[in-house]
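With PDB, C-alpha atoms and all ligand atoms inside, this is work-v1.pdb:
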```
ATOM      1  CA  MET J   1       0.000   0.000   0.000
ATOM      2  CA  THR J   2       1.077   3.597  -0.448
ATOM      3  CA  GLY J   3       1.532   6.293   2.201
ATOM      4  CA  PRO J   4       4.028   6.304   5.031
ATOM      5  CA  TYR J   5       4.950   3.109   6.802
ATOM      6  CA  LEU J   6       3.911   2.933  10.429
ATOM      7  CA  ILE J   7       6.760   1.598  12.551
ATOM      8  CA  ALA J   8       5.453   0.836  16.030
ATOM      9  CA  GLY J   9       7.481  -0.135  19.092
ATOM     10  CA  ASN J  10       5.679  -2.035  21.844
ATOM     11  CA  TRP J  11       7.689  -1.957  25.063
ATOM     12  CA  LYS J  12       5.269  -4.401  26.758
ATOM     13  CA  MET J  13       5.900  -4.613  30.550
ATOM     14  CA  ASN J  14       9.319  -2.999  30.313
ATOM     15  CA  GLY J  15      10.456   0.511  31.141
ATOM     16  CA  LEU J  16      11.142   2.638  34.194
ATOM     17  CA  ASN J  17      11.940   6.329  34.417
ATOM     18  CA  SER J  18      15.547   5.337  33.792
ATOM     19  CA  SER J  19      14.487   4.012  30.355
ATOM     20  CA  LEU J  20      13.405   7.424  29.113
ATOM     21  CA  ALA J  21      16.902   7.895  27.690
ATOM     22  CA  VAL J  22      15.960   5.200  25.130
ATOM     23  CA  LEU J  23      12.990   7.297  24.036
ATOM     24  CA  GLU J  24      15.126  10.414  23.758
ATOM     25  CA  GLU J  25      17.712   8.562  21.680
ATOM     26  CA  THR J  26      14.955   7.101  19.476
ATOM     27  CA  ALA J  27      13.538  10.591  18.903
ATOM     28  CA  ARG J  28      16.988  11.964  18.025
ATOM     29  CA  SER J  29      17.640   9.125  15.564
ATOM     30  CA  CYS J  30      14.243   9.609  13.924
ATOM     31  CA  GLU J  31      14.578  13.366  13.463
ATOM     32  CA  HIS J  32      15.614  13.044   9.822
ATOM     33  CA  LEU J  33      12.656  10.859   8.857
ATOM     34  CA  ASN J  34      10.055  12.644   6.815
ATOM     35  CA  GLU J  35       6.852  11.586   5.134
ATOM     36  CA  GLU J  36       8.116   8.040   4.447
ATOM     37  CA  VAL J  37       7.711   6.752   8.008
ATOM     38  CA  ASP J  38       5.437   7.431  10.977
ATOM     39  CA  VAL J  39       6.908   6.284  14.291
ATOM     40  CA  VAL J  40       4.959   5.401  17.413
ATOM     41  CA  VAL J  41       6.200   3.972  20.702
ATOM     42  CA  PHE J  42       4.008   2.202  23.253
ATOM     43  CA  PRO J  43       5.725   2.546  26.664
ATOM     44  CA  PRO J  44       4.024   1.272  29.821
ATOM     45  CA  ALA J  45       1.128   3.479  30.966
ATOM     46  CA  THR J  46       3.205   4.761  33.900
ATOM     47  CA  LEU J  47       5.576   6.511  31.472
ATOM     48  CA  LEU J  48       3.030   7.960  29.047
ATOM     49  CA  ALA J  49       2.596  11.424  30.530
ATOM     50  CA  VAL J  50       6.290  12.093  31.062
ATOM     51  CA  SER J  51       7.090  10.620  27.620
ATOM     52  CA  SER J  52       4.580  12.961  26.075
ATOM     53  CA  ILE J  53       6.492  15.951  27.483
ATOM     54  CA  LEU J  54       9.819  14.493  26.338
ATOM     55  CA  LEU J  55       8.597  13.767  22.823
ATOM     56  CA  LYS J  56       6.856  17.087  22.230
ATOM     57  CA  ASP J  57       7.828  18.443  18.790
ATOM     58  CA  THR J  58       9.575  15.206  17.769
ATOM     59  CA  ARG J  59       8.717  12.664  15.050
ATOM     60  CA  VAL J  60       7.811  10.014  17.656
ATOM     61  CA  GLN J  61       4.179   9.619  18.649
ATOM     62  CA  LEU J  62       2.879   7.725  21.670
ATOM     63  CA  GLY J  63       0.397   4.964  22.297
ATOM     64  CA  GLY J  64      -1.055   2.932  25.155
ATOM     65  CA  GLN J  65      -0.802  -0.862  25.283
ATOM     66  CA  ASP J  66      -4.452  -1.491  26.135
ATOM     67  CA  CYS J  67      -7.588   0.361  27.211
ATOM     68  CA  SER J  68     -10.867  -0.409  28.910
ATOM     69  CA  SER J  69     -14.083  -1.164  27.056
ATOM     70  CA  GLU J  70     -15.785   1.141  29.569
ATOM     71  CA  VAL J  71     -15.904   4.935  29.598
ATOM     72  CA  SER J  72     -15.216   5.482  33.323
ATOM     73  CA  GLY J  73     -16.322   4.332  36.756
ATOM     74  CA  ALA J  74     -15.748   1.484  39.193
ATOM     75  CA  PHE J  75     -13.265  -0.592  37.201
ATOM     76  CA  THR J  76     -10.246  -0.849  39.493
ATOM     77  CA  GLY J  77      -6.952  -1.077  37.667
ATOM     78  CA  GLU J  78      -8.350  -0.268  34.238
ATOM     79  CA  ILE J  79      -7.284   2.656  32.064
ATOM     80  CA  SER J  80      -9.824   4.313  29.806
ATOM     81  CA  ALA J  81      -9.240   5.520  26.265
ATOM     82  CA  SER J  82      -9.805   9.102  27.420
ATOM     83  CA  MET J  83      -7.105   8.694  30.111
ATOM     84  CA  LEU J  84      -4.650   7.513  27.464
ATOM     85  CA  LYS J  85      -5.528  10.478  25.299
ATOM     86  CA  ASP J  86      -5.194  12.814  28.283
ATOM     87  CA  ALA J  87      -1.704  11.414  28.922
ATOM     88  CA  GLY J  88      -0.644  12.165  25.351
ATOM     89  CA  ALA J  89      -1.412   8.934  23.480
ATOM     90  CA  LYS J  90      -2.552   9.003  19.874
ATOM     91  CA  PHE J  91      -2.699   5.205  19.455
ATOM     92  CA  VAL J  92      -3.642   2.157  21.485
ATOM     93  CA  ILE J  93      -2.805  -1.516  20.944
ATOM     94  CA  LEU J  94      -5.810  -3.798  21.410
ATOM     95  CA  GLY J  95      -6.195  -7.574  21.368
ATOM     96  CA  HIS J  96      -2.491  -8.317  21.564
ATOM     97  CA  SER J  97      -2.081 -12.090  21.714
ATOM     98  CA  GLU J  98      -0.507 -11.772  25.160
ATOM     99  CA  ARG J  99      -3.773 -10.243  26.388
ATOM    100  CA  ARG J 100      -5.965 -12.618  24.399
ATOM    101  CA  GLN J 101      -4.131 -15.599  25.956
ATOM    102  CA  ARG J 102      -3.058 -14.500  29.437
ATOM    103  CA  HIS J 103      -6.146 -12.377  30.162
ATOM    104  CA  ALA J 104      -8.621 -14.436  28.128
ATOM    105  CA  GLU J 105      -9.690 -11.409  26.090
ATOM    106  CA  SER J 106     -12.403 -12.362  23.629
ATOM    107  CA  ASP J 107     -12.906 -10.959  20.148
ATOM    108  CA  ASP J 108     -16.011  -9.196  21.396
ATOM    109  CA  LEU J 109     -14.146  -7.491  24.259
ATOM    110  CA  VAL J 110     -11.433  -6.350  21.844
ATOM    111  CA  ARG J 111     -14.121  -4.937  19.532
ATOM    112  CA  ARG J 112     -15.769  -3.021  22.395
ATOM    113  CA  LYS J 113     -12.392  -1.620  23.483
ATOM    114  CA  ALA J 114     -11.755  -0.524  19.908
ATOM    115  CA  ILE J 115     -15.100   1.288  19.820
ATOM    116  CA  GLN J 116     -14.063   3.267  22.921
ATOM    117  CA  ALA J 117     -10.665   4.049  21.429
ATOM    118  CA  VAL J 118     -12.138   5.275  18.146
ATOM    119  CA  GLN J 119     -14.737   7.382  19.976
ATOM    120  CA  GLU J 120     -11.902   9.105  21.853
ATOM    121  CA  GLY J 121     -10.078   9.813  18.592
ATOM    122  CA  LEU J 122      -7.301   7.271  19.184
ATOM    123  CA  LYS J 123      -5.997   5.011  16.439
ATOM    124  CA  ALA J 124      -6.702   1.410  17.427
ATOM    125  CA  VAL J 125      -3.971  -1.065  16.477
ATOM    126  CA  ILE J 126      -5.974  -4.289  16.577
ATOM    127  CA  CYS J 127      -3.833  -7.419  16.741
ATOM    128  CA  ILE J 128      -4.828 -10.633  15.019
ATOM    129  CA  GLY J 129      -2.932 -13.809  14.201
ATOM    130  CA  GLU J 130      -3.002 -17.550  14.502
ATOM    131  CA  ILE J 131      -1.583 -19.679  17.310
ATOM    132  CA  ALA J 132       0.852 -22.505  16.492
ATOM    133  CA  GLN J 133      -1.858 -25.206  16.507
ATOM    134  CA  GLU J 134      -3.993 -23.264  14.049
ATOM    135  CA  LYS J 135      -1.011 -22.941  11.749
ATOM    136  CA  ALA J 136      -0.278 -26.672  12.060
ATOM    137  CA  ASP J 137      -3.921 -27.427  11.222
ATOM    138  CA  GLY J 138      -3.856 -25.191   8.128
ATOM    139  CA  LYS J 139      -6.314 -22.776   9.770
ATOM    140  CA  THR J 140      -4.285 -19.549   9.624
ATOM    141  CA  LEU J 141      -6.519 -17.755   7.128
ATOM    142  CA  ALA J 142      -9.714 -18.892   8.844
ATOM    143  CA  ALA J 143      -8.370 -17.669  12.203
ATOM    144  CA  VAL J 144      -7.557 -14.188  10.930
ATOM    145  CA  SER J 145     -10.880 -13.969   9.069
ATOM    146  CA  ASP J 146     -12.746 -14.719  12.306
ATOM    147  CA  GLN J 147     -10.715 -12.167  14.253
ATOM    148  CA  ILE J 148     -11.403  -9.476  11.652
ATOM    149  CA  LEU J 149     -15.092 -10.350  11.658
ATOM    150  CA  TYR J 150     -15.504 -10.285  15.451
ATOM    151  CA  SER J 151     -12.695  -8.025  16.820
ATOM    152  CA  VAL J 152     -12.765  -5.092  14.439
ATOM    153  CA  PRO J 153     -15.650  -2.627  14.783
ATOM    154  CA  ARG J 154     -17.387  -1.657  11.526
ATOM    155  CA  THR J 155     -16.566   2.017  11.924
ATOM    156  CA  SER J 156     -16.487   4.421   9.018
ATOM    157  CA  ALA J 157     -13.406   6.016  10.626
ATOM    158  CA  VAL J 158     -11.055   3.696   8.735
ATOM    159  CA  ASP J 159      -8.116   6.039   9.310
ATOM    160  CA  GLN J 160      -8.424   5.174  13.016
ATOM    161  CA  ILE J 161      -8.135   1.440  12.447
ATOM    162  CA  VAL J 162      -4.815  -0.354  12.009
ATOM    163  CA  ILE J 163      -4.545  -4.138  11.797
ATOM    164  CA  ALA J 164      -1.410  -5.848  13.129
ATOM    165  CA  TYR J 165      -0.885  -9.405  11.899
ATOM    166  CA  GLU J 166       1.175 -11.182  14.529
ATOM    167  CA  PRO J 167       1.395 -14.964  14.407
ATOM    168  CA  LYS J 168       1.556 -15.914  18.098
ATOM    169  CA  TRP J 169       4.325 -18.457  17.460
ATOM    170  CA  ALA J 170       6.553 -15.751  15.941
ATOM    171  CA  ILE J 171       6.380 -13.381  18.917
ATOM    172  CA  GLY J 172       9.637 -13.193  20.835
ATOM    173  CA  THR J 173      10.849 -16.499  19.375
ATOM    174  CA  GLY J 174      13.254 -15.337  16.687
ATOM    175  CA  VAL J 175      11.210 -17.394  14.221
ATOM    176  CA  THR J 176       9.254 -15.652  11.477
ATOM    177  CA  PRO J 177       6.941 -16.915   8.746
ATOM    178  CA  THR J 178       8.474 -17.081   5.279
ATOM    179  CA  LEU J 179       8.072 -13.952   3.180
ATOM    180  CA  ASP J 180       5.585 -15.865   1.008
ATOM    181  CA  GLU J 181       3.530 -16.784   4.071
ATOM    182  CA  ILE J 182       3.465 -13.162   5.243
ATOM    183  CA  ALA J 183       2.447 -12.054   1.738
ATOM    184  CA  VAL J 184      -0.387 -14.611   1.546
ATOM    185  CA  VAL J 185      -1.823 -13.658   4.938
ATOM    186  CA  HIS J 186      -1.562  -9.900   4.311
ATOM    187  CA  LYS J 187      -3.254 -10.290   0.941
ATOM    188  CA  HIS J 188      -6.011 -12.323   2.588
ATOM    189  CA  ILE J 189      -6.464  -9.651   5.274
ATOM    190  CA  ARG J 190      -6.791  -6.990   2.566
ATOM    191  CA  VAL J 191      -9.448  -9.075   0.780
ATOM    192  CA  GLU J 192     -11.368  -9.384   4.059
ATOM    193  CA  LEU J 193     -11.106  -5.639   4.733
ATOM    194  CA  LEU J 194     -12.421  -4.883   1.246
ATOM    195  CA  ALA J 195     -15.258  -7.364   1.766
ATOM    196  CA  HIS J 196     -16.324  -5.682   5.021
ATOM    197  CA  TRP J 197     -15.593  -2.014   4.233
ATOM    198  CA  GLY J 198     -15.781  -1.865   0.460
ATOM    199  CA  GLU J 199     -13.210   0.353  -1.266
ATOM    200  CA  SER J 200     -12.486   2.288   1.943
ATOM    201  CA  GLY J 201     -10.989  -0.938   3.342
ATOM    202  CA  ARG J 202      -8.015  -0.198   1.122
ATOM    203  CA  GLY J 203      -7.068   2.648   3.464
ATOM    204  CA  ILE J 204      -6.636   0.409   6.517
ATOM    205  CA  ARG J 205      -2.960  -0.103   7.279
ATOM    206  CA  ILE J 206      -1.817  -3.682   7.918
ATOM    207  CA  LEU J 207       1.324  -4.156  10.029
ATOM    208  CA  TYR J 208       3.398  -7.291  10.440
ATOM    209  CA  GLY J 209       4.683  -8.188  13.929
ATOM    210  CA  GLY J 210       6.705 -11.074  15.351
ATOM    211  CA  SER J 211      10.519 -11.205  15.736
ATOM    212  CA  VAL J 212      11.161  -8.155  13.564
ATOM    213  CA  LYS J 213      14.793  -7.034  13.671
ATOM    214  CA  PRO J 214      16.946  -4.684  11.610
ATOM    215  CA  SER J 215      18.144  -7.753   9.668
ATOM    216  CA  ASN J 216      14.694  -8.780   8.383
ATOM    217  CA  ALA J 217      12.807  -5.449   8.331
ATOM    218  CA  THR J 218      13.657  -4.484   4.758
ATOM    219  CA  GLU J 219      12.453  -7.711   3.156
ATOM    220  CA  ILE J 220       9.243  -7.766   5.189
ATOM    221  CA  LEU J 221       8.471  -4.115   4.437
ATOM    222  CA  ALA J 222       8.941  -4.762   0.728
ATOM    223  CA  ILE J 223       5.904  -7.117   0.697
ATOM    224  CA  SER J 224       3.118  -5.289  -1.093
ATOM    225  CA  GLU J 225       0.358  -5.229   1.560
ATOM    226  CA  VAL J 226       2.715  -4.650   4.503
ATOM    227  CA  GLY J 227       2.094  -1.093   5.690
ATOM    228  CA  GLY J 228       4.467  -1.144   8.635
ATOM    229  CA  LEU J 229       5.780  -3.185  11.548
ATOM    230  CA  LEU J 230       4.854  -3.849  15.164
ATOM    231  CA  VAL J 231       8.164  -4.370  16.918
ATOM    232  CA  GLY J 232       8.521  -5.796  20.430
ATOM    233  CA  GLY J 233      11.970  -6.689  21.783
ATOM    234  CA  ALA J 234      13.957  -4.659  19.256
ATOM    235  CA  SER J 235      12.065  -1.480  20.189
ATOM    236  CA  LEU J 236      13.700  -1.515  23.636
ATOM    237  CA  ASP J 237      17.007  -0.735  21.979
ATOM    238  CA  ALA J 238      17.053   2.720  20.375
ATOM    239  CA  LYS J 239      19.740   1.740  17.876
ATOM    240  CA  GLN J 240      17.886  -1.349  16.651
ATOM    241  CA  PHE J 241      14.527   0.399  16.558
ATOM    242  CA  SER J 242      15.818   3.429  14.686
ATOM    243  CA  ALA J 243      17.651   1.121  12.264
ATOM    244  CA  ILE J 244      14.272  -0.520  11.524
ATOM    245  CA  CYS J 245      12.723   2.927  10.978
ATOM    246  CA  GLU J 246      15.591   3.827   8.669
ATOM    247  CA  HIS J 247      14.962   0.631   6.648
ATOM    248  CA  GLY J 248      11.364   1.802   6.270
ATOM    249  CA  ARG J 249      12.550   5.152   4.961
ATOM    250  CA  SER J 250      14.861   3.481   2.424
ATOM    251  CA  VAL J 251      12.242   1.032   1.143
ATOM    252  CA  ARG J 252       9.626   3.795   0.743
ATOM    253  CA  ALA J 253      12.107   6.172  -0.863
ATOM    254  CA  ALA J 254      13.105   3.487  -3.390
ATOM    255  CA  ALA J 255       9.483   2.639  -4.317
TER     256      ALA J 255
HETATM  257  O1  LIG R   1       3.896  -6.239  19.948
HETATM  258  C1  LIG R   1       4.919  -6.748  19.472
HETATM  259  C2  LIG R   1       4.980  -8.133  19.134
HETATM  260  O2  LIG R   1       4.388  -8.959  20.070
HETATM  261  C3  LIG R   1       6.291  -8.623  18.616
HETATM  262  O3  LIG R   1       7.218  -8.868  19.640
HETATM  263  P1  LIG R   1       8.714  -9.288  19.243
HETATM  264  O4  LIG R   1       9.194  -8.293  18.216
HETATM  265  O5  LIG R   1       9.479  -9.231  20.507
HETATM  266  O6  LIG R   1       8.621 -10.667  18.643
END
```

If you convert what's in this file into structure tokens, what do you get?
Amino acid sequence: MTGPYLIAGNWKMNGLNSSLAVLEETARSCEHLNEEVDVVVFPPATLLAVSSILLKDTRVQLGGQDCSSEVSGAFTGEISASMLKDAGAKFVILGHSERRQRHAESDDLVRRKAIQAVQEGLKAVICIGEIAQEKADGKTLAAVSDQILYSVPRTSAVDQIVIAYEPKWAIGTGVTPTLDEIAVVHKHIRVELLAHWGESGRGIRILYGGSVKPSNATEILAISEVGGLLVGGASLDAKQFSAICEHGRSVRAAA
């Protein structure tokens, strides 16, 4: 797809105040990027507000790693979409496989969270992807079709929806699908988005995530329906993450 790549760094449950130097270094390294790449980092919620001050007037945007499906009220421990926005977030990750598995989040809950996020003006990065058994059973495409059908709200605000394809078995393992496999799944996701949204489904960005490193970013980004990357481990290292962003700039500039 055309338009800037979105390179997203998910810090997961990592990051203390002492880690803010990584954000500052990332922002410095991304200064030269222009319209080829959008960069967003998802630090833990505890660092959002201070990160927002640090990243003011830089190329790096911020996101939360999850939000509540509720607006406000007696939901101890939850963080609402409006709180994320108030702290400086422009994005939120929803339905990450770690939350789907460890917190038993259903497709329907992810969809309701996404509705809240979109209503608050956040961009919802909705994660989908098969588990190892589904891949072994040849059910990858069926699994992602179901997740698109049930996890992604049918909003007309397509610019606020981002899909991240992350095969569970590729997350943090150092193992990635082949480039052909990534291409087949991304193409299938695009077909599903067009089926549900019509032509406007073409505007929904599809990211790939799962063991992305500087060494494989270029070849993955070159796949036609890949609109960016959701990076976990490598985003904790400013040099690696900015190298991935730089690969995005080079691939887009060469297109
Ligand atoms: O949200 C990021 C993904 O889960 C990928 O994590 P990873 O790059 O450490 O495999």

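The gap separating atom CA of J:Gly227 from atom CA of J:Pro4 is 7.7 Å, in Å to one decimal.
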
Kindly compile the residues surrounding ligand LIG 1 (chain R) within 7 Å, counting only C-alpha atoms and all ligand atoms, and format them as a list in words.
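The distance check yields Asn10, His96, Glu166, Ala170, Ile171, Gly172, Thr173, Gly174, Gly209, Gly210, Ser211, Val212, Leu230, Val231, Gly232, Gly233 and Ala234 of chain J.
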
With 8 Å of padding per side, what axis-aligned box (centre and edge lengths, Å, one decimal) covers all the listed atoms of stretch 135-143 of chain J? Give it as AutoDock Vina command-line options.
```
--center_x -5.0 --center_y -22.5 --center_z 9.7 --size_x 25.4 --size_y 25.8 --size_z 21.1
```

Once the PyMOL selection byres (((chain J and resi 89) around 12) and not hetatm) has been evaluated on this model, what residues remain selected, and can you format them as number ranges by chain?
J: 40-45, 47-53, 55-56, 60-67, 80-88, 90-93, 117, 120-124

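Between J:His196 and the residues J:Gly138, J:Arg154, J:Tyr208, J:Tyr165, the shortest atom-to-atom distance, using all atoms listed in the file, involves J:Arg154.
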
Any chance you could resolve the PyMOL selection byres (((chain J and resi 14) around 9) and not hetatm) against this file and give the residues as a PyMOL selection string?
chain J and resi 11-13+15-16+19+43-44+236

Work out how far atom CA of J:Ser224 is from atom CA of J:Cys245, in Å to one decimal.
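If I compute the distance from atom CA of J:Cys245 to atom CA of J:Ser224, I get 17.5 Å.
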
How would you write, as number ranges by chain, the residues chosen by the PyMOL selection byres (((chain J and resi 28) around 10) and not hetatm) on this structure?
J: 22-27, 29-32, 55, 58-60, 238, 242

Which polymer residues, whether protein, DNA or RNA, lie within 12 Å of the coordinate (15.8, -8.8, 7.6) when you count all atoms listed in the file? List them as a VMD selection string, using the chain letters and numbers from the file.
chain J and resid 174 to 176 178 to 179 211 to 222 240 243 to 244 247 to 248

Selection near J:Ile163, 9 Å with only C-alpha atoms, sequence-local residues under 2 positions removed, as a list in words:
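Once the adjacent positions are removed, what remains is Ala124, Val125, Ile126, Cys127, Ile128, Ile148, Val152, Ile161, Tyr165, Ile189, Ile204, Arg205, Ile206, Leu207 and Tyr208 of chain J.
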
Quick one: pull the distance between atom CA of J:Ser97 and atom CA of J:Pro167, Å, one decimal.
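Separating atom CA of J:Ser97 from atom CA of J:Pro167 is a distance of 8.6 Å.
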
Would you list the contacts of J:Asp107 as a PDB file with C-alpha atoms, in the coordinates of the input, taking every protein, DNA or RNA residue within 9 Å and counting only C-alpha atoms, but skipping same-chain residues closer than 6 positions in sequence?
```pdb
ATOM      1  CA  GLY J  95      -6.195  -7.574  21.368  1.00  0.00           C
ATOM      2  CA  ARG J 100      -5.965 -12.618  24.399  1.00  0.00           C
ATOM      3  CA  ASP J 146     -12.746 -14.719  12.306  1.00  0.00           C
ATOM      4  CA  GLN J 147     -10.715 -12.167  14.253  1.00  0.00           C
ATOM      5  CA  ILE J 148     -11.403  -9.476  11.652  1.00  0.00           C
ATOM      6  CA  LEU J 149     -15.092 -10.350  11.658  1.00  0.00           C
ATOM      7  CA  TYR J 150     -15.504 -10.285  15.451  1.00  0.00           C
ATOM      8  CA  SER J 151     -12.695  -8.025  16.820  1.00  0.00           C
ATOM      9  CA  VAL J 152     -12.765  -5.092  14.439  1.00  0.00           C
TER      10      VAL J 152
END
```
